[in-house]
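Trainee: Input coords36.pdb, format and content: PDB, C-alpha atoms.
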ATOM      1  CA  MET A   1     -37.394 -29.155  34.652  1.00  0.00           C
ATOM      2  CA  LYS A   2     -33.697 -30.011  34.776  1.00  0.00           C
ATOM      3  CA  ARG A   3     -31.695 -31.179  31.788  1.00  0.00           C
ATOM      4  CA  HIS A   4     -28.265 -32.750  31.749  1.00  0.00           C
ATOM      5  CA  VAL A   5     -26.085 -30.983  29.149  1.00  0.00           C
ATOM      6  CA  PRO A   6     -22.708 -32.751  28.786  1.00  0.00           C
ATOM      7  CA  GLY A   7     -19.783 -30.341  28.407  1.00  0.00           C
ATOM      8  CA  LEU A   8     -21.628 -27.344  29.858  1.00  0.00           C
ATOM      9  CA  SER A   9     -19.395 -27.229  32.942  1.00  0.00           C
ATOM     10  CA  ASP A  10     -16.315 -26.941  30.699  1.00  0.00           C
ATOM     11  CA  THR A  11     -17.541 -23.592  29.370  1.00  0.00           C
ATOM     12  CA  ALA A  12     -17.618 -22.117  32.868  1.00  0.00           C
ATOM     13  CA  GLN A  13     -13.921 -22.912  33.355  1.00  0.00           C
ATOM     14  CA  ASP A  14     -12.218 -20.796  30.703  1.00  0.00           C
ATOM     15  CA  SER A  15      -9.230 -20.234  32.996  1.00  0.00           C
ATOM     16  CA  HIS A  16      -7.631 -23.428  31.634  1.00  0.00           C
ATOM     17  CA  SER A  17      -7.632 -21.982  28.117  1.00  0.00           C
ATOM     18  CA  GLU A  18      -6.435 -18.549  29.212  1.00  0.00           C
ATOM     19  CA  VAL A  19      -2.789 -17.733  28.758  1.00  0.00           C
ATOM     20  CA  PRO A  20      -1.345 -17.152  32.252  1.00  0.00           C
ATOM     21  CA  ASP A  21       0.808 -14.246  33.388  1.00  0.00           C
ATOM     22  CA  GLY A  22       4.313 -14.661  32.012  1.00  0.00           C
ATOM     23  CA  ILE A  23       6.742 -14.201  29.159  1.00  0.00           C
ATOM     24  CA  PHE A  24       5.873 -15.451  25.665  1.00  0.00           C
ATOM     25  CA  LEU A  25       7.356 -15.490  22.192  1.00  0.00           C
ATOM     26  CA  VAL A  26       4.525 -14.253  19.976  1.00  0.00           C
ATOM     27  CA  ARG A  27       3.612 -13.359  16.407  1.00  0.00           C
ATOM     28  CA  LEU A  28       1.428 -10.356  15.655  1.00  0.00           C
ATOM     29  CA  ASP A  29      -1.599 -11.648  13.740  1.00  0.00           C
ATOM     30  CA  GLY A  30      -3.583  -8.439  13.556  1.00  0.00           C
ATOM     31  CA  ALA A  31      -3.734  -4.807  14.590  1.00  0.00           C
ATOM     32  CA  GLN A  32      -6.637  -2.388  14.330  1.00  0.00           C
ATOM     33  CA  HIS A  33      -6.673   1.307  15.140  1.00  0.00           C
ATOM     34  CA  ARG A  34      -9.679   2.204  17.306  1.00  0.00           C
ATOM     35  CA  TRP A  35     -11.115   5.069  19.344  1.00  0.00           C
ATOM     36  CA  GLN A  36     -12.657   4.903  22.806  1.00  0.00           C
ATOM     37  CA  ALA A  37     -14.024   8.221  24.078  1.00  0.00           C
ATOM     38  CA  GLN A  38     -10.979  10.499  23.784  1.00  0.00           C
ATOM     39  CA  LYS A  39      -8.395   7.674  23.711  1.00  0.00           C
ATOM     40  CA  ARG A  40      -6.977   6.209  20.525  1.00  0.00           C
ATOM     41  CA  PHE A  41      -5.495   2.717  20.725  1.00  0.00           C
ATOM     42  CA  TYR A  42      -4.360  -0.268  18.697  1.00  0.00           C
ATOM     43  CA  LEU A  43      -6.146  -3.513  19.375  1.00  0.00           C
ATOM     44  CA  LEU A  44      -3.506  -6.235  18.990  1.00  0.00           C
ATOM     45  CA  ARG A  45      -4.084  -9.939  18.432  1.00  0.00           C
ATOM     46  CA  LEU A  46      -1.001 -12.050  19.151  1.00  0.00           C
ATOM     47  CA  SER A  47      -0.454 -15.797  18.656  1.00  0.00           C
ATOM     48  CA  VAL A  48       1.774 -17.576  21.137  1.00  0.00           C
ATOM     49  CA  LEU A  49       4.694 -19.443  19.549  1.00  0.00           C
ATOM     50  CA  GLU A  50       6.575 -20.407  22.743  1.00  0.00           C
ATOM     51  CA  PRO A  51       6.448 -21.947  25.315  1.00  0.00           C
ATOM     52  CA  LYS A  52       5.046 -24.990  23.552  1.00  0.00           C
ATOM     53  CA  PRO A  53       2.208 -25.733  26.038  1.00  0.00           C
ATOM     54  CA  PHE A  54       0.597 -22.425  25.023  1.00  0.00           C
ATOM     55  CA  ALA A  55       1.508 -22.479  21.313  1.00  0.00           C
ATOM     56  CA  GLY A  56      -1.460 -21.433  19.184  1.00  0.00           C
ATOM     57  CA  SER A  57      -3.192 -19.577  22.016  1.00  0.00           C
ATOM     58  CA  SER A  58      -4.207 -15.985  21.425  1.00  0.00           C
ATOM     59  CA  ILE A  59      -3.488 -12.882  23.450  1.00  0.00           C
ATOM     60  CA  VAL A  60      -5.662  -9.849  22.762  1.00  0.00           C
ATOM     61  CA  SER A  61      -5.028  -6.489  24.322  1.00  0.00           C
ATOM     62  CA  ARG A  62      -4.581  -2.838  23.450  1.00  0.00           C
ATOM     63  CA  LEU A  63      -1.785  -0.320  23.257  1.00  0.00           C
ATOM     64  CA  TYR A  64      -2.903   3.271  23.691  1.00  0.00           C
ATOM     65  CA  CYS A  65      -1.772   6.105  21.389  1.00  0.00           C
ATOM     66  CA  THR A  66      -2.239   8.957  23.855  1.00  0.00           C
ATOM     67  CA  PRO A  67       0.700  11.314  24.426  1.00  0.00           C
ATOM     68  CA  LYS A  68       1.321   9.732  27.860  1.00  0.00           C
ATOM     69  CA  ALA A  69       1.317   6.183  26.451  1.00  0.00           C
ATOM     70  CA  MET A  70       3.259   6.803  23.229  1.00  0.00           C
ATOM     71  CA  TRP A  71       6.485   5.520  24.825  1.00  0.00           C
ATOM     72  CA  LYS A  72       4.965   2.060  25.225  1.00  0.00           C
ATOM     73  CA  LEU A  73       3.764   1.917  21.621  1.00  0.00           C
ATOM     74  CA  GLY A  74       7.246   2.958  20.485  1.00  0.00           C
ATOM     75  CA  TRP A  75       8.847   0.303  22.711  1.00  0.00           C
ATOM     76  CA  PHE A  76       6.593  -2.355  21.193  1.00  0.00           C
ATOM     77  CA  LEU A  77       7.302  -1.261  17.607  1.00  0.00           C
ATOM     78  CA  ARG A  78      11.093  -1.083  18.099  1.00  0.00           C
ATOM     79  CA  ASP A  79      11.367  -4.463  19.859  1.00  0.00           C
ATOM     80  CA  PHE A  80       9.141  -6.190  17.299  1.00  0.00           C
ATOM     81  CA  LEU A  81      11.427  -4.747  14.585  1.00  0.00           C
ATOM     82  CA  TYR A  82       8.822  -2.586  12.872  1.00  0.00           C
ATOM     83  CA  ASP A  83      10.117  -0.760   9.777  1.00  0.00           C
ATOM     84  CA  PRO A  84      12.392   2.016  11.148  1.00  0.00           C
ATOM     85  CA  GLU A  85      11.753   4.197   8.087  1.00  0.00           C
ATOM     86  CA  LEU A  86       7.987   4.206   8.704  1.00  0.00           C
ATOM     87  CA  LEU A  87       8.573   4.696  12.426  1.00  0.00           C
ATOM     88  CA  GLY A  88      10.783   7.697  11.641  1.00  0.00           C
ATOM     89  CA  GLN A  89       7.952   9.171   9.560  1.00  0.00           C
ATOM     90  CA  ASP A  90       5.423   8.680  12.411  1.00  0.00           C
ATOM     91  CA  GLU A  91       3.515   6.131  10.293  1.00  0.00           C
ATOM     92  CA  ILE A  92       2.019   2.788  11.235  1.00  0.00           C
ATOM     93  CA  ASP A  93       1.024   0.470   8.404  1.00  0.00           C
ATOM     94  CA  GLU A  94      -1.262  -2.193   9.873  1.00  0.00           C
ATOM     95  CA  ARG A  95      -0.375  -4.571   7.037  1.00  0.00           C
ATOM     96  CA  ALA A  96       3.337  -4.181   7.833  1.00  0.00           C
ATOM     97  CA  LEU A  97       2.636  -5.110  11.468  1.00  0.00           C
ATOM     98  CA  ARG A  98       1.202  -8.532  10.613  1.00  0.00           C
ATOM     99  CA  GLY A  99       3.729 -11.296  11.079  1.00  0.00           C
ATOM    100  CA  LEU A 100       6.132  -9.372  13.303  1.00  0.00           C
ATOM    101  CA  VAL A 101       7.616 -11.575  16.027  1.00  0.00           C
ATOM    102  CA  GLY A 102       8.819 -10.608  19.490  1.00  0.00           C
ATOM    103  CA  VAL A 103       8.658 -11.320  23.189  1.00  0.00           C
ATOM    104  CA  VAL A 104       5.900  -9.973  25.409  1.00  0.00           C
ATOM    105  CA  LYS A 105       5.436 -10.077  29.164  1.00  0.00           C
ATOM    106  CA  ILE A 106       1.774 -10.075  30.176  1.00  0.00           C
ATOM    107  CA  SER A 107      -0.260  -9.931  33.355  1.00  0.00           C
ATOM    108  CA  HIS A 108      -3.973 -10.047  34.021  1.00  0.00           C
ATOM    109  CA  THR A 109      -6.030  -7.580  36.005  1.00  0.00           C
ATOM    110  CA  VAL A 110      -9.734  -7.215  36.748  1.00  0.00           C
ATOM    111  CA  VAL A 111     -11.350  -3.796  36.323  1.00  0.00           C
ATOM    112  CA  ASN A 112     -15.068  -3.413  37.036  1.00  0.00           C
ATOM    113  CA  GLY A 113     -15.477  -7.187  36.811  1.00  0.00           C
ATOM    114  CA  ILE A 114     -13.786  -7.421  33.409  1.00  0.00           C
ATOM    115  CA  SER A 115     -10.570  -9.409  33.027  1.00  0.00           C
ATOM    116  CA  LEU A 116      -7.975  -7.467  31.029  1.00  0.00           C
ATOM    117  CA  VAL A 117      -4.544  -8.378  29.693  1.00  0.00           C
ATOM    118  CA  ASN A 118      -1.744  -5.883  30.358  1.00  0.00           C
ATOM    119  CA  PHE A 119       1.398  -5.648  28.270  1.00  0.00           C
ATOM    120  CA  ASP A 120       4.114  -5.242  30.909  1.00  0.00           C
ATOM    121  CA  GLY A 121       7.154  -5.454  28.657  1.00  0.00           C
ATOM    122  CA  PHE A 122       8.585  -6.268  25.250  1.00  0.00           C
ATOM    123  CA  ALA A 123      11.846  -7.646  23.869  1.00  0.00           C
ATOM    124  CA  PRO A 124      13.174  -8.636  20.451  1.00  0.00           C
ATOM    125  CA  ALA A 125      12.601 -12.267  19.415  1.00  0.00           C
ATOM    126  CA  SER A 126      16.392 -12.745  19.415  1.00  0.00           C
ATOM    127  CA  GLN A 127      16.287 -12.559  23.234  1.00  0.00           C
ATOM    128  CA  TRP A 128      13.715 -15.345  23.634  1.00  0.00           C
ATOM    129  CA  GLU A 129      16.204 -18.111  24.520  1.00  0.00           C
ATOM    130  CA  GLU A 130      17.805 -15.968  27.221  1.00  0.00           C
ATOM    131  CA  LEU A 131      14.442 -14.899  28.655  1.00  0.00           C
ATOM    132  CA  ALA A 132      12.918 -18.397  28.421  1.00  0.00           C
ATOM    133  CA  THR A 133      15.598 -19.804  30.719  1.00  0.00           C
ATOM    134  CA  ALA A 134      14.613 -17.201  33.338  1.00  0.00           C
ATOM    135  CA  ILE A 135      10.953 -18.321  33.383  1.00  0.00           C
ATOM    136  CA  PRO A 136      11.372 -21.182  35.920  1.00  0.00           C
ATOM    137  CA  VAL A 137      13.267 -18.806  38.204  1.00  0.00           C
ATOM    138  CA  LEU A 138      10.479 -16.231  37.949  1.00  0.00           C
ATOM    139  CA  GLN A 139       7.787 -18.831  38.634  1.00  0.00           C
ATOM    140  CA  ALA A 140       9.670 -20.163  41.664  1.00  0.00           C
ATOM    141  CA  ALA A 141      10.033 -16.634  43.026  1.00  0.00           C
ATOM    142  CA  LYS A 142       6.358 -15.995  42.404  1.00  0.00           C
ATOM    143  CA  GLY A 143       5.468 -19.135  44.373  1.00  0.00           C
ATOM    144  CA  ASN A 144       7.629 -18.006  47.302  1.00  0.00           C
ATOM    145  CA  ASP A 145       5.871 -14.627  47.404  1.00  0.00           C
ATOM    146  CA  ALA A 146       2.381 -16.130  47.181  1.00  0.00           C
ATOM    147  CA  GLY A 147       1.584 -15.600  50.856  1.00  0.00           C
ATOM    148  CA  LYS A 148       2.924 -12.050  50.978  1.00  0.00           C
ATOM    149  CA  GLY A 149       0.895  -8.918  50.356  1.00  0.00           C
ATOM    150  CA  ARG A 150       1.676  -6.582  47.459  1.00  0.00           C
ATOM    151  CA  ALA A 151       3.155  -3.980  49.788  1.00  0.00           C
ATOM    152  CA  SER A 152       5.904  -6.370  50.928  1.00  0.00           C
ATOM    153  CA  ARG A 153       7.290  -6.955  47.435  1.00  0.00           C
TER
END
What does this structure look like when you write it as structure tokens?

Mentor:
Amino acid sequence: MKRHVPGLSDTAQDSHSEVPDGIFLVRLDGAQHRWQAQKRFYLLRLSVLEPKPFAGSSIVSRLYCTPKAMWKLGWFLRDFLYDPELLGQDEIDERALRGLVGVVKISHTVVNGISLVNFDGFAPASQWEELATAIPVLQAAKGNDAGKGRASR
């Protein structure tokens, strides 16, 4: 027996609600320290503030705390203006992280059939205006490279 269920097809197309690859001004809404096998990481939940078409959307990803990945966690904390005194004491207060604002560059990748968000870069919120004007240039360049393979970039 077949049933018509209005709106069902919309649930199969979550790509329209997904934040695309790009540069965003975001606010940190939550951070949780977690363990996966031998890897410690922070699970971060960010809310997009700019650009306006994506305002209110969420970005969820992780920053690892392994010795090899510590540089990226430090980069994030410095650019989001985390308390330098706590940073100097090697301390992260999850409550102090909430509400921090900064710029993040993200990309998506698929690993074992699972779509993941990568944090490719960070910048202080004060640089948003400068970086936001570069977005159309980056998108135009991306469109011109669409037919080329990764090796040619």

Trainee: Just how far from CA of Leu49 (chain A) is CA of Ser115 (chain A), in Å to one decimal?

Mentor: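 Computing it gives 22.7 Å between the two atoms.
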
Trainee: Hey, which of A:Asp90, A:Asp79, A:Asp29, A:Asp120 ends up closest to Gly56 (chain A)? Count all atoms listed in the file.

Mentor: A:Asp29

Trainee: Kindly resolve the PyMOL selection byres ((chain A and resi 96-113) around 8) on the present coordinates and return the residues as a ChimeraX atom specification.

Mentor: /A:20-31,79-83,92-95,114-128

Trainee: Record the distance separating CA of Glu50 (chain A) and CA of Val19 (chain A), expressed in Å with one decimal.

Mentor: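 If I compute the distance from CA of Glu50 (chain A) to CA of Val19 (chain A), I get 11.4 Å.
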
Trainee: So how far away is CA of Trp75 (chain A) from CA of Lys52 (chain A), in Å?

Mentor: 25.6 Å

Trainee: Just so the selection is clear, what residues does the PyMOL selection byres ((chain A and resi 43) around 6) cover here, as a PDB file with C-alpha atoms, in the coordinates of the input?

Mentor:
ATOM      1  CA  ALA A  31      -3.734  -4.807  14.590  1.00  0.00           C
ATOM      2  CA  GLN A  32      -6.637  -2.388  14.330  1.00  0.00           C
ATOM      3  CA  TYR A  42      -4.360  -0.268  18.697  1.00  0.00           C
ATOM      4  CA  LEU A  44      -3.506  -6.235  18.990  1.00  0.00           C
ATOM      5  CA  SER A  61      -5.028  -6.489  24.322  1.00  0.00           C
ATOM      6  CA  ARG A  62      -4.581  -2.838  23.450  1.00  0.00           C
TER       7      ARG A  62
END
